[in-house]
Structure formats: C-alpha cells, structure tokens
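Colleague: Here you go, protein_4.cif (mmCIF, C-alpha atoms):
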data_work
#
loop_
_atom_site.label_atom_id
_atom_site.label_comp_id
_atom_site.auth_asym_id
_atom_site.auth_seq_id
_atom_site.Cartn_x
_atom_site.Cartn_y
_atom_site.Cartn_z
CA MET A 1112 -31.10 12.19 42.81
CA ALA A 1113 -33.60 12.46 45.64
CA THR A 1114 -34.59 15.67 47.35
CA LYS A 1115 -32.06 16.32 50.12
CA LEU A 1116 -31.90 18.35 53.30
CA ASN A 1117 -28.46 19.97 53.44
CA GLY A 1118 -26.99 22.02 56.25
CA THR A 1119 -28.42 25.34 55.06
CA ASN A 1120 -30.79 24.48 52.24
CA ILE A 1121 -33.13 22.07 50.52
CA GLU A 1122 -31.69 20.60 47.33
CA TYR A 1123 -34.31 19.41 44.83
CA THR A 1124 -34.03 16.76 42.18
CA ASP A 1125 -33.59 19.32 39.41
CA GLY A 1126 -30.56 20.76 41.22
CA SER A 1127 -32.30 23.89 42.42
CA ASN A 1128 -31.55 25.04 45.96
CA GLN A 1129 -33.79 26.83 48.42
CA PHE A 1130 -32.17 28.68 51.34
CA THR A 1131 -35.21 30.45 52.79
CA LYS A 1132 -38.94 29.83 52.82
CA SER A 1133 -40.94 31.24 49.96
CA PRO A 1134 -42.05 34.85 50.52
CA LEU A 1135 -45.16 34.22 48.43
CA VAL A 1136 -47.91 32.40 50.32
CA LYS A 1137 -50.90 32.48 48.00
CA THR A 1138 -52.04 34.20 44.80
CA ARG A 1139 -55.56 34.69 43.53
CA TYR A 1140 -56.69 36.66 40.54
CA THR A 1141 -59.77 37.65 38.59
CA SER A 1142 -61.14 39.87 35.82
CA HIS A 1143 -64.26 42.04 36.06
CA PRO A 1144 -66.89 40.49 33.78
CA THR A 1145 -68.62 43.60 32.37
CA VAL A 1146 -67.19 44.91 29.13
CA ASN A 1147 -67.39 48.72 28.74
CA LEU A 1148 -68.30 49.31 32.39
CA SER A 1149 -69.24 52.96 33.03
CA LEU A 1150 -67.86 54.78 36.06
CA PRO A 1151 -69.89 57.19 38.21
CA THR A 1152 -68.80 60.77 38.89
CA TRP A 1153 -66.80 61.30 42.10
CA GLY A 1154 -69.06 61.23 45.09
CA GLY A 1155 -69.93 57.71 44.06
CA GLU A 1156 -67.93 54.62 43.23
CA THR A 1157 -68.78 51.33 41.57
CA ASP A 1158 -67.19 47.89 41.81
CA VAL A 1159 -64.48 47.41 39.20
CA SER A 1160 -63.50 43.93 40.32
CA PRO A 1161 -65.20 40.88 41.75
CA ASN A 1162 -64.28 40.20 45.37
CA ILE A 1163 -61.11 38.19 45.90
CA ASP A 1164 -61.42 36.08 49.06
CA MET A 1165 -57.90 35.40 50.30
CA GLY A 1166 -59.05 33.33 53.27
CA VAL A 1167 -57.38 33.67 56.68
CA PRO A 1168 -53.82 34.99 56.41
CA GLN A 1169 -51.09 32.57 57.31
CA LYS A 1170 -49.61 35.04 59.80
CA SER A 1171 -50.60 38.32 61.39
CA ASN A 1172 -47.57 40.23 60.08
CA ASN A 1173 -48.14 39.33 56.45
CA TRP A 1174 -49.09 41.84 53.74
CA TYR A 1175 -51.15 41.56 50.58
CA ARG A 1176 -49.73 42.67 47.25
CA CYS A 1177 -52.64 43.98 45.13
CA GLU A 1178 -52.24 44.83 41.45
CA TYR A 1179 -54.55 45.90 38.66
CA TYR A 1180 -54.44 46.65 34.98
CA ASN A 1181 -57.23 48.08 32.83
CA VAL A 1182 -57.96 49.84 29.53
CA THR A 1183 -59.97 53.05 29.71
CA ASP A 1184 -61.64 55.33 27.17
CA ASP A 1185 -63.25 58.76 27.59
CA TRP A 1186 -66.03 58.07 25.13
CA PRO A 1187 -67.28 59.85 23.10
CA GLY A 1188 -64.19 61.98 23.68
CA SER A 1189 -65.68 65.36 24.43
CA GLY A 1190 -64.89 67.08 27.71
CA ASN A 1191 -62.32 66.73 30.43
CA GLY A 1192 -62.18 63.24 31.83
CA GLY A 1193 -60.25 61.00 34.13
CA MET A 1194 -60.59 58.06 36.45
CA GLY A 1195 -58.90 56.36 39.38
CA LEU A 1196 -59.37 53.18 41.35
CA ALA A 1197 -59.52 52.48 45.07
CA LEU A 1198 -58.50 49.29 46.88
CA TYR A 1199 -60.88 48.02 49.59
CA ARG A 1200 -60.17 45.51 52.38
CA TYR A 1201 -62.79 43.56 54.35
CA THR A 1202 -62.89 41.34 57.39
CA PRO A 1203 -66.19 40.31 59.05
CA SER A 1204 -65.49 42.33 62.20
CA SER A 1205 -64.05 45.42 60.56
CA GLY A 1206 -66.32 45.65 57.54
CA TRP A 1207 -65.11 47.27 54.34
CA LEU A 1208 -62.27 49.80 54.53
CA ARG A 1209 -61.37 52.08 51.64
CA ALA A 1210 -57.74 51.20 52.25
CA GLN A 1211 -55.96 53.23 49.58
CA ALA A 1212 -57.10 55.17 46.52
CA GLN A 1213 -55.42 56.79 43.56
CA GLY A 1214 -57.87 59.68 43.36
CA GLN A 1215 -60.63 60.65 41.02
CA HIS A 1216 -58.46 61.38 37.96
CA ALA A 1217 -55.16 59.51 38.33
CA ASN A 1218 -55.46 59.00 34.60
CA TYR A 1219 -56.78 62.15 32.87
CA ASP A 1220 -56.83 64.16 29.67
CA ASN A 1221 -58.01 67.71 29.18
CA ASP A 1222 -60.54 67.50 26.39
CA SER A 1223 -58.06 65.96 23.96
CA GLY A 1224 -60.63 64.21 21.82
CA ASP A 1225 -60.89 60.45 21.82
CA PHE A 1226 -58.35 59.18 24.31
CA TYR A 1227 -57.43 55.70 25.58
CA ALA A 1228 -55.00 54.63 28.30
CA SER A 1229 -53.99 51.51 30.19
CA PRO A 1230 -53.84 52.53 33.85
CA VAL A 1231 -52.25 50.35 36.52
CA GLY A 1232 -52.10 50.27 40.28
CA LEU A 1233 -49.95 48.50 42.86
CA TRP A 1234 -50.51 48.41 46.61
CA TYR A 1235 -49.20 46.50 49.61
CA ILE A 1236 -52.04 46.20 52.15
CA PRO A 1237 -51.42 44.85 55.65
CA VAL A 1238 -53.32 42.09 57.40
CA HIS A 1239 -55.86 43.80 59.67
CA PRO A 1240 -53.92 44.29 62.94
CA SER A 1241 -57.00 43.64 65.10
CA TYR A 1242 -58.49 40.72 63.16
CA PRO A 1243 -55.62 38.63 61.80
CA THR A 1244 -57.53 35.38 62.27
CA GLU A 1245 -60.45 36.43 60.07
CA THR A 1246 -60.98 35.95 56.36
CA HIS A 1247 -59.60 38.85 54.31
CA ILE A 1248 -61.42 39.96 51.16
CA PHE A 1249 -60.30 42.57 48.63
CA LYS A 1250 -61.94 44.46 45.76
CA LEU A 1251 -61.49 47.48 43.52
CA MET A 1252 -63.91 50.38 43.14
CA GLY A 1253 -63.70 53.14 40.55
CA THR A 1254 -64.77 56.73 40.09
CA LYS A 1255 -64.30 59.47 37.49
CA HIS A 1256 -63.87 63.24 37.29
CA PRO A 1257 -65.39 65.52 36.27
CA SER A 1258 -68.32 64.45 34.16
CA CYS A 1259 -67.50 63.11 30.69
CA ASN A 1260 -68.18 59.43 30.10
CA ILE A 1261 -65.45 57.01 31.12
CA ARG A 1262 -65.60 53.32 30.33
CA VAL A 1263 -63.26 50.70 31.74
CA ASN A 1264 -62.79 47.07 30.66
CA SER A 1265 -62.97 48.50 27.16
CA GLY A 1266 -64.06 46.50 24.17
CA ILE A 1267 -61.74 47.61 21.37
CA GLY A 1268 -61.44 46.54 17.76
CA ALA A 1269 -59.06 43.60 17.38
CA ASP A 1270 -59.08 42.78 21.08
CA ASN A 1271 -59.29 39.13 22.06
CA ARG A 1272 -61.29 38.64 25.23
CA ILE A 1273 -61.40 34.94 26.02
CA GLY A 1274 -61.54 32.79 29.13
CA GLY A 1275 -63.35 35.46 31.13
CA TRP A 1276 -60.66 38.08 30.58
CA ILE A 1277 -62.34 41.40 29.82
CA ASN A 1278 -59.39 43.70 29.15
CA ASN A 1279 -58.71 44.00 32.87
CA GLN A 1280 -56.92 42.03 35.55
CA PHE A 1281 -56.89 42.13 39.35
CA SER A 1282 -54.62 39.94 41.43
CA VAL A 1283 -53.84 39.63 45.13
CA THR A 1284 -50.81 37.82 46.56
CA GLU A 1285 -50.23 37.16 50.25
CA VAL A 1286 -46.60 37.96 51.11
CA ASP A 1287 -44.85 36.29 54.04
CA CYS A 1288 -43.17 39.12 55.89
CA ASP A 1289 -40.81 37.05 58.03
CA ASN A 1290 -38.39 37.28 55.15
CA VAL A 1291 -38.80 40.79 53.80
CA ALA A 1292 -35.69 42.87 53.31
CA ALA A 1293 -37.45 46.15 53.96
CA ILE A 1294 -40.85 47.79 54.33
CA ASN A 1295 -40.15 51.41 53.39
CA ASN A 1296 -42.31 54.07 54.99
CA LEU A 1297 -45.47 51.93 55.32
CA THR A 1298 -47.22 51.08 58.60
CA THR A 1299 -50.13 48.81 59.40
CA TYR A 1300 -53.78 49.76 59.83
CA MET B 766 -50.61 14.16 57.16
CA ALA B 767 -47.29 15.39 58.47
CA THR B 768 -44.91 17.31 56.30
CA GLU B 769 -42.61 14.78 54.66
CA LEU B 770 -39.42 14.91 52.68
CA ARG B 771 -39.83 12.47 49.82
CA GLY B 772 -37.76 11.69 46.79
CA ASP B 773 -39.72 14.03 44.56
CA GLY B 774 -39.82 16.99 46.95
CA ILE B 775 -41.52 18.25 50.10
CA HIS B 776 -45.10 17.16 50.77
CA PHE B 777 -46.83 19.57 53.10
CA GLY B 778 -49.06 18.65 56.02
CA GLN B 779 -51.70 21.25 55.27
CA PRO B 780 -53.63 22.41 52.23
CA THR B 781 -51.63 24.32 49.70
CA TYR B 782 -52.80 26.12 46.62
CA ASN B 783 -52.44 25.47 42.95
CA GLN B 784 -52.05 28.14 40.28
CA ASN B 785 -55.80 28.75 40.19
CA GLY B 786 -55.99 29.48 43.90
CA GLN B 787 -57.70 26.17 44.67
CA GLU B 788 -56.82 24.35 47.86
CA THR B 789 -55.48 20.89 47.19
CA ASN B 790 -54.39 18.17 49.59
CA ASP B 791 -53.39 15.34 47.31
CA ASN B 792 -50.31 15.30 45.18
CA THR B 793 -49.44 18.81 46.24
CA TYR B 794 -45.81 19.16 46.96
CA GLN B 795 -42.91 21.40 46.22
CA GLY B 796 -40.57 19.79 43.76
CA ARG B 797 -38.17 22.63 43.09
CA ALA B 798 -36.89 25.71 44.83
CA ALA B 799 -39.17 28.73 45.22
CA ALA B 800 -38.67 31.35 42.52
CA VAL B 801 -38.80 34.32 44.88
CA VAL B 802 -36.05 34.49 47.50
CA LYS B 803 -36.71 37.77 49.27
CA VAL B 804 -39.08 40.74 49.01
CA GLY B 805 -38.61 44.42 49.77
CA PHE B 806 -41.34 47.00 49.22
CA GLY B 807 -42.61 50.39 50.22
CA SER B 808 -43.82 53.76 49.11
CA CYS B 809 -41.56 56.66 48.18
CA SER B 810 -41.99 59.30 50.80
CA THR B 811 -42.69 62.70 49.22
CA VAL B 812 -46.18 63.45 48.02
CA ASN B 813 -46.20 65.81 45.02
CA GLN B 814 -42.44 65.44 44.55
CA SER B 815 -41.41 67.99 41.95
CA ALA B 816 -39.45 67.12 38.83
CA SER B 817 -38.31 70.64 38.13
CA GLY B 818 -35.48 72.10 36.08
CA GLY B 819 -34.53 72.07 32.44
CA SER B 820 -34.80 69.24 29.98
CA GLY B 821 -32.76 66.23 31.04
CA THR B 822 -32.69 67.10 34.72
CA GLU B 823 -32.69 64.04 36.94
CA GLY B 824 -32.96 63.41 40.65
CA TYR B 825 -33.44 60.88 43.44
CA VAL B 826 -36.95 59.70 44.18
CA ASP B 827 -37.20 60.46 47.89
CA GLY B 828 -37.46 57.46 50.19
CA SER B 829 -36.99 54.85 47.48
CA GLU B 830 -33.80 53.25 48.80
CA ILE B 831 -34.27 49.56 49.63
CA ASN B 832 -31.52 47.40 51.18
CA MET B 833 -31.98 43.85 49.89
CA GLY B 834 -29.02 42.47 51.87
CA VAL B 835 -26.50 39.99 50.48
CA PRO B 836 -27.94 37.91 47.62
CA LYS B 837 -28.29 34.17 48.14
CA ALA B 838 -26.48 33.33 44.90
CA SER B 839 -24.07 35.26 42.71
CA ASN B 840 -26.18 34.90 39.57
CA ASN B 841 -29.55 35.76 41.08
CA LEU B 842 -31.80 38.38 39.52
CA TYR B 843 -33.78 41.25 40.99
CA ARG B 844 -37.27 42.01 39.70
CA VAL B 845 -38.09 45.67 40.24
CA TRP B 846 -41.63 47.07 39.91
CA TYR B 847 -42.72 50.64 40.53
CA GLN B 848 -45.93 52.55 40.05
CA SER B 849 -46.69 56.24 40.52
CA VAL B 850 -49.11 58.92 39.32
CA SER B 851 -47.69 61.95 37.52
CA ASP B 852 -49.17 65.32 36.54
CA ASP B 853 -47.79 68.00 34.22
CA ASN B 854 -48.40 70.59 36.87
CA ASP B 855 -48.28 73.69 34.66
CA GLY B 856 -49.96 72.06 31.68
CA SER B 857 -47.10 72.73 29.25
CA ILE B 858 -45.02 70.31 27.16
CA SER B 859 -43.49 67.82 29.58
CA GLY B 860 -42.86 64.23 30.39
CA ILE B 861 -41.04 62.03 32.86
CA GLY B 862 -39.32 58.66 33.04
CA PHE B 863 -37.84 56.57 35.82
CA GLN B 864 -34.50 54.85 36.34
CA ILE B 865 -33.30 51.97 38.53
CA TRP B 866 -29.94 52.31 40.31
CA ARG B 867 -27.96 49.65 42.22
CA TYR B 868 -25.34 50.06 44.96
CA THR B 869 -22.75 47.86 46.59
CA SER B 870 -20.04 49.22 48.85
CA SER B 871 -17.29 48.50 46.29
CA SER B 872 -19.13 49.55 43.15
CA GLY B 873 -20.91 52.64 44.47
CA TRP B 874 -24.15 53.70 42.81
CA ASN B 875 -24.64 52.59 39.19
CA LYS B 876 -27.46 53.61 36.88
CA LEU B 877 -28.65 50.31 35.39
CA LEU B 878 -31.80 50.80 33.36
CA ALA B 879 -33.68 53.98 32.52
CA GLN B 880 -36.93 54.54 30.68
CA GLY B 881 -35.80 57.85 29.22
CA SER B 882 -36.68 61.43 29.92
CA HIS B 883 -40.29 61.33 28.71
CA ALA B 884 -41.61 57.76 28.94
CA SER B 885 -44.95 59.39 29.73
CA TYR B 886 -45.45 62.67 27.90
CA ASP B 887 -48.02 65.03 26.47
CA ASN B 888 -47.49 67.70 23.89
CA ASN B 889 -48.93 70.79 25.52
CA MET B 890 -52.31 69.18 26.00
CA SER B 891 -53.06 71.23 29.10
CA ASP B 892 -53.70 69.39 32.35
CA TRP B 893 -52.73 65.73 31.99
CA TYR B 894 -52.28 62.81 34.43
CA ARG B 895 -50.81 59.36 33.99
CA THR B 896 -50.33 56.21 36.03
CA ASN B 897 -46.63 55.53 35.45
CA ASN B 898 -45.14 52.12 35.88
CA GLY B 899 -42.09 50.09 35.04
CA ILE B 900 -40.77 46.57 35.40
CA PHE B 901 -37.03 45.99 35.36
CA TRP B 902 -35.00 42.79 35.71
CA VAL B 903 -31.46 43.45 36.87
CA GLN B 904 -28.76 41.22 38.28
CA VAL B 905 -26.53 40.76 41.29
CA HIS B 906 -23.37 42.79 40.69
CA PRO B 907 -21.12 40.36 38.78
CA SER B 908 -17.98 41.48 40.65
CA TYR B 909 -19.38 41.95 44.16
CA PRO B 910 -21.93 39.19 44.81
CA ASN B 911 -20.98 38.96 48.49
CA GLU B 912 -21.85 42.56 49.29
CA GLU B 913 -25.17 44.04 50.36
CA HIS B 914 -27.24 45.25 47.43
CA TYR B 915 -29.22 48.48 47.60
CA PHE B 916 -31.65 49.84 45.01
CA ARG B 917 -33.04 53.31 44.30
CA LEU B 918 -35.32 55.02 41.83
CA TYR B 919 -34.33 58.23 40.03
CA TRP B 920 -36.43 60.43 37.76
CA ASN B 921 -35.54 62.22 34.54
CA LYS B 922 -37.67 64.81 32.74
CA HIS B 923 -38.25 66.50 29.40
CA ASN B 924 -38.98 69.31 28.43
CA VAL B 925 -38.96 72.37 30.71
CA GLY B 926 -42.53 72.13 32.03
CA GLN B 927 -43.28 71.28 35.64
CA VAL B 928 -44.07 67.67 36.51
CA ARG B 929 -45.10 66.30 39.87
CA PHE B 930 -45.29 62.63 40.75
CA ASN B 931 -46.64 60.70 43.75
CA SER B 932 -49.49 63.11 43.17
CA SER B 933 -52.17 64.07 45.65
CA ILE B 934 -55.52 64.07 43.87
CA GLY B 935 -59.04 64.85 45.02
CA GLY B 936 -60.68 61.69 46.25
CA ASP B 937 -57.42 59.88 46.89
CA GLN B 938 -56.84 57.90 50.09
CA ARG B 939 -53.21 58.04 51.18
CA ARG B 940 -52.84 56.40 54.57
CA ASN B 941 -50.02 55.05 56.73
CA GLY B 942 -47.17 56.19 54.53
CA TRP B 943 -48.56 55.35 51.13
CA GLN B 944 -48.11 58.36 48.80
CA ASN B 945 -49.81 57.31 45.56
CA ASN B 946 -46.82 55.18 44.59
CA THR B 947 -45.44 51.74 45.29
CA PHE B 948 -41.90 50.43 44.76
CA GLU B 949 -40.93 46.79 45.18
CA VAL B 950 -37.81 44.67 44.68
CA TRP B 951 -37.88 40.87 44.59
CA GLU B 952 -34.73 38.74 44.62
CA ILE B 953 -35.28 35.86 42.19
CA ASN B 954 -33.57 32.46 42.22
CA ARG B 955 -31.74 32.32 38.88
CA GLN B 956 -32.06 28.52 38.88
CA ILE B 957 -35.80 28.87 38.43
CA VAL B 958 -35.67 31.39 35.57
CA THR B 959 -35.51 29.02 32.64
CA THR B 960 -35.04 31.60 29.92
CA THR B 961 -34.27 35.27 29.52
CA GLY B 962 -34.55 35.24 25.73
CA ASN B 963 -32.01 37.60 24.22
CA TYR B 964 -31.87 39.60 27.43
CA ASN B 965 -28.56 39.23 29.27
CA PRO B 966 -28.49 41.34 32.42
CA ASN B 967 -24.78 40.70 33.05
CA TYR B 968 -23.73 44.11 34.38
#
Using structure tokens, write down the structure that the file contains.
Modeller:
Amino acid sequence: MATKLNGTNIEYTDGSNQFTKSPLVKTRYTSHPTVNLSLPTWGGETDVSPNIDMGVPQKSNNWYRCEYYNVTDDWPGSGNGGMGLALYRYTPSSGWLRAQAQGQHANYDNDSGDFYASPVGLWYIPVHPSYPTETHIFKLMGTKHPSCNIRVNSGIGADNRIGGWINNQFSVTEVDCDNVAAINNLTTY
Amino acid sequence: MATELRGDGIHFGQPTYNQNGQETNDNTYQGRAAAVVKVGFGSCSTVNQSASGGSGTEGYVDGSEINMGVPKASNNLYRVWYQSVSDDNDGSISGIGFQIWRYTSSSGWNKLLAQGSHASYDNNMSDWYRTNNGIFWVQVHPSYPNEEHYFRLYWNKHNVGQVRFNSSIGGDQRRNGWQNNTFEVWEINRQIVTTTGNYNPNY
C-alpha cells in the first residue's frame, strides 16, 4: 500500500493515520560534561548545561519545552544544603535572559547527614516576542544555599556514565503552538 | 525540492532533523504518523498552595484544568507530566503525592492514577524541600471517546504537618504566570505506541 492523502488525513504504509500536523518541531539534547560539578553559593551561578542552539524557530508563536534531570549530593554531608537550577534564553538582540528559576534550594535537606536526590525541572519558554526570526539558545545555570558543598552530575558507585552522559540530561523541544489544546496561565515575554 | 507525496511517505521540501538534532536533506521523510497528536501545557496558578488538614486530605491543584478537546481516535493515550517544588512548611513529619483526574461530560470526574499520600516525604527532618514530578499514561475514556476530555491534578498529603507546593523560594524567577510548577498533557496516537508491556490503561 502506498502512502495516501485521504479527505481528512494522511494514511501511511504501515496503516497509521495522521489527522493534524505534528506538534513537535525539533528536539535537541545534551549532558553537562563535568562529573561532580560544584555549585556556587547564591549570589553567583555557574553553567550546569552546555548551550543548546535551537536555531531559528519555525514560527513566532511556538514555545520551547525545556527539561532537566540531575543527581545531587551535599558532600561531605555536614550543614544545611540545597540547590536549584535556572533556565536561560538567548537571542543575539536580546542577550541572555534568566527566564525562569526554581530558587536557591528547590531541593534541600536540613543537616540530615549524607543526602542524595535526583531533582528535575520542566519549563515551557516562549519564542522571544520581539526577535522571532533570530536563533534561540538555551542553557541551565545552578546555585546553592546556604553554604555546604553541593555537587551535581554526581559520580556514584555503580553508576555507568558512557557516551558523554554524566548523570545529567538537558533537552529542549520546539513545540508548534498552532495545535495546542491549551496554554494555562502562561504569557509570552 | 518541493514537498512530495511518495509511496514510502512524505518527503519534505526543507531540511528536517534526525534524532540527533542534525539537519538532513536526503532521504529524510515521514513514513508513519506523528506520535504526538496535540499538546496542552501550563503552570498551576497558586504560588505556595497549601496542602493543609489531617492525614489523607486531598484537594484540587488550582489552575491545573486542561481541556484537550475530543480525541482523534477512541484508543488514543494521554501522556501527563507534572513538576512542582514542595516544602514541609512547619518542618514536621509530612509528605505529599499527586493524582491525575479525567473528565468527560457523561462520566464526570474520575480519579485515574495517584502517587499516594506521601510520594515525597521526610520523617521530621526539619526544613525539607523536594522537586516533585510524575509521569502518567492514561487513556481516552473507553465509553465516551467522542466527548471532550479534561484533565486535572489533585494533591493528597500525609501526615498532619503543613506542606506547601508551587513554592516561592529565594532566588527563584517566576515570571508571566509560571509558579514553580509545570503541567502538560500530550495526546498520543495509539497506532504509534508499539508496546505498553503489561500496562493496560483500559479505564
């Protein structure tokens, strides 16, 4: 069977049918290369991901779905400690914007001895409303609070870090917003 | 090259991207339907929403309702993803978990999947924060596939300590409606999901 155009859909050779265009335009992903990266105390931030260059968005009303996963440790375990990541957006004309941030201790324990966690973050970030025809770049930065050591991208016994994966992941997906069902409570910036 | 309909699929007239994010011109075509049919997303609206009350108390996560419309096929799936940041506000024994609910006009609201009352929890370890998340795959209502489908998040808590979620935290950046949480629902073409293992979301 050949691929067919029907009245309301495209019918592919495997029998699958598509009634609308794909909401997902493009996905790119990476992993920060430094194992056991230390975070600075709040007041400063450090890069926790390489830049992801998403190119020029397909349309000005699209959004970017940004997601991270990490493994953290308050080594050597003494003192109160927490961390949080921030999502940054860049275009050449706007420069870098600290678009959204979880805060300095979104993941925190109160002097509970040695303590590990696998924090996550999910954001939908709009195409820059003034510069939709420019390349869009994204990255993560991290900070900690208050002062005990925090490492991310943790090297842990029995881990298996291959292919450039360093116990962390950062991905960005451009979402076509002609076909979204709802955008609850969020506005562009 | 113009976009062409060929026997093996649609060949596009512009660069597309392979799974590694590389632009490719040659031999790049779509040979089966897209996995994702429709996307809904947003941020639940109340910063520092309180999960108060005794053990087992549950409540609606403000501003989480998403109308996904009428599904494109009766056996399609919905992939639900949420993320928040919680804090045991008074430092005592407490935890929280989240639930996904579905609505159609004939079925009303149904609780589908729930993480439990303390999917993140600490045992009186004083001040304690967590990034909560969950991924749920649920299905089009088997009896009402032609009706609009709505989804909501609910919370449940244990024990009696105070928990807040969608937390405001020093150094956070909450702009344009984002309140330290994200909630998304994707309708998925069941024809493209080749296996669900021993998981049968037929409810």
Colleague: On this structure, which residues satisfy the PyMOL selection byres ((chain B) within 7 of (chain A)), written as a VMD selection string?
Modeller: chain B and resid 771 to 774 782 785 to 786 796 to 799 801 to 808 810 831 to 834 848 850 890 to 896 934 to 943 945 947 956
Colleague: What lies within 7 Å of Gly1188 in chain A using all atoms listed in the file, ignoring chain neighbours under 2 positions off, as a list in words?
Modeller: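 Counting all atoms listed in the file, the residues come to Asp1185, Trp1186, Gly1190, Gly1224, Asp1225 and Phe1226 of chain A.
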Colleague: Write out as a PyMOL selection string each polymer residue whose atoms come within 8 Å of Thr1157 in chain A, counting all atoms listed in the file; drop sequence neighbours fewer than 4 positions from it.
Modeller: chain A and resi 1150-1151+1252-1254
Colleague: Here's the selection I'm unsure about, the PyMOL selection byres ((chain B and resi 960-968) around 12); applied to the file above, which residues does it give, as a PyMOL selection string?
Modeller: chain B and resi 839-844+866-867+872+875-878+901-910+955-959
Colleague: Just give me the gap between CA of Gly1268 in chain A and CA of Tyr886 in chain B in Å, one decimal is fine.
Modeller: 24.9 Å
Colleague: Quick one, how far is CA of His914 in chain B from CA of Ala838 in chain B?
Modeller: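 Between CA of His914 in chain B and CA of Ala838 in chain B the gap is 12.2 Å.
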Colleague: Report, in Å with one decimal, the straight-line distance from CA of Ala1269 in chain A to CA of Ala884 in chain B.
Modeller: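 CA of Ala1269 in chain A sits 25.3 Å away from CA of Ala884 in chain B.
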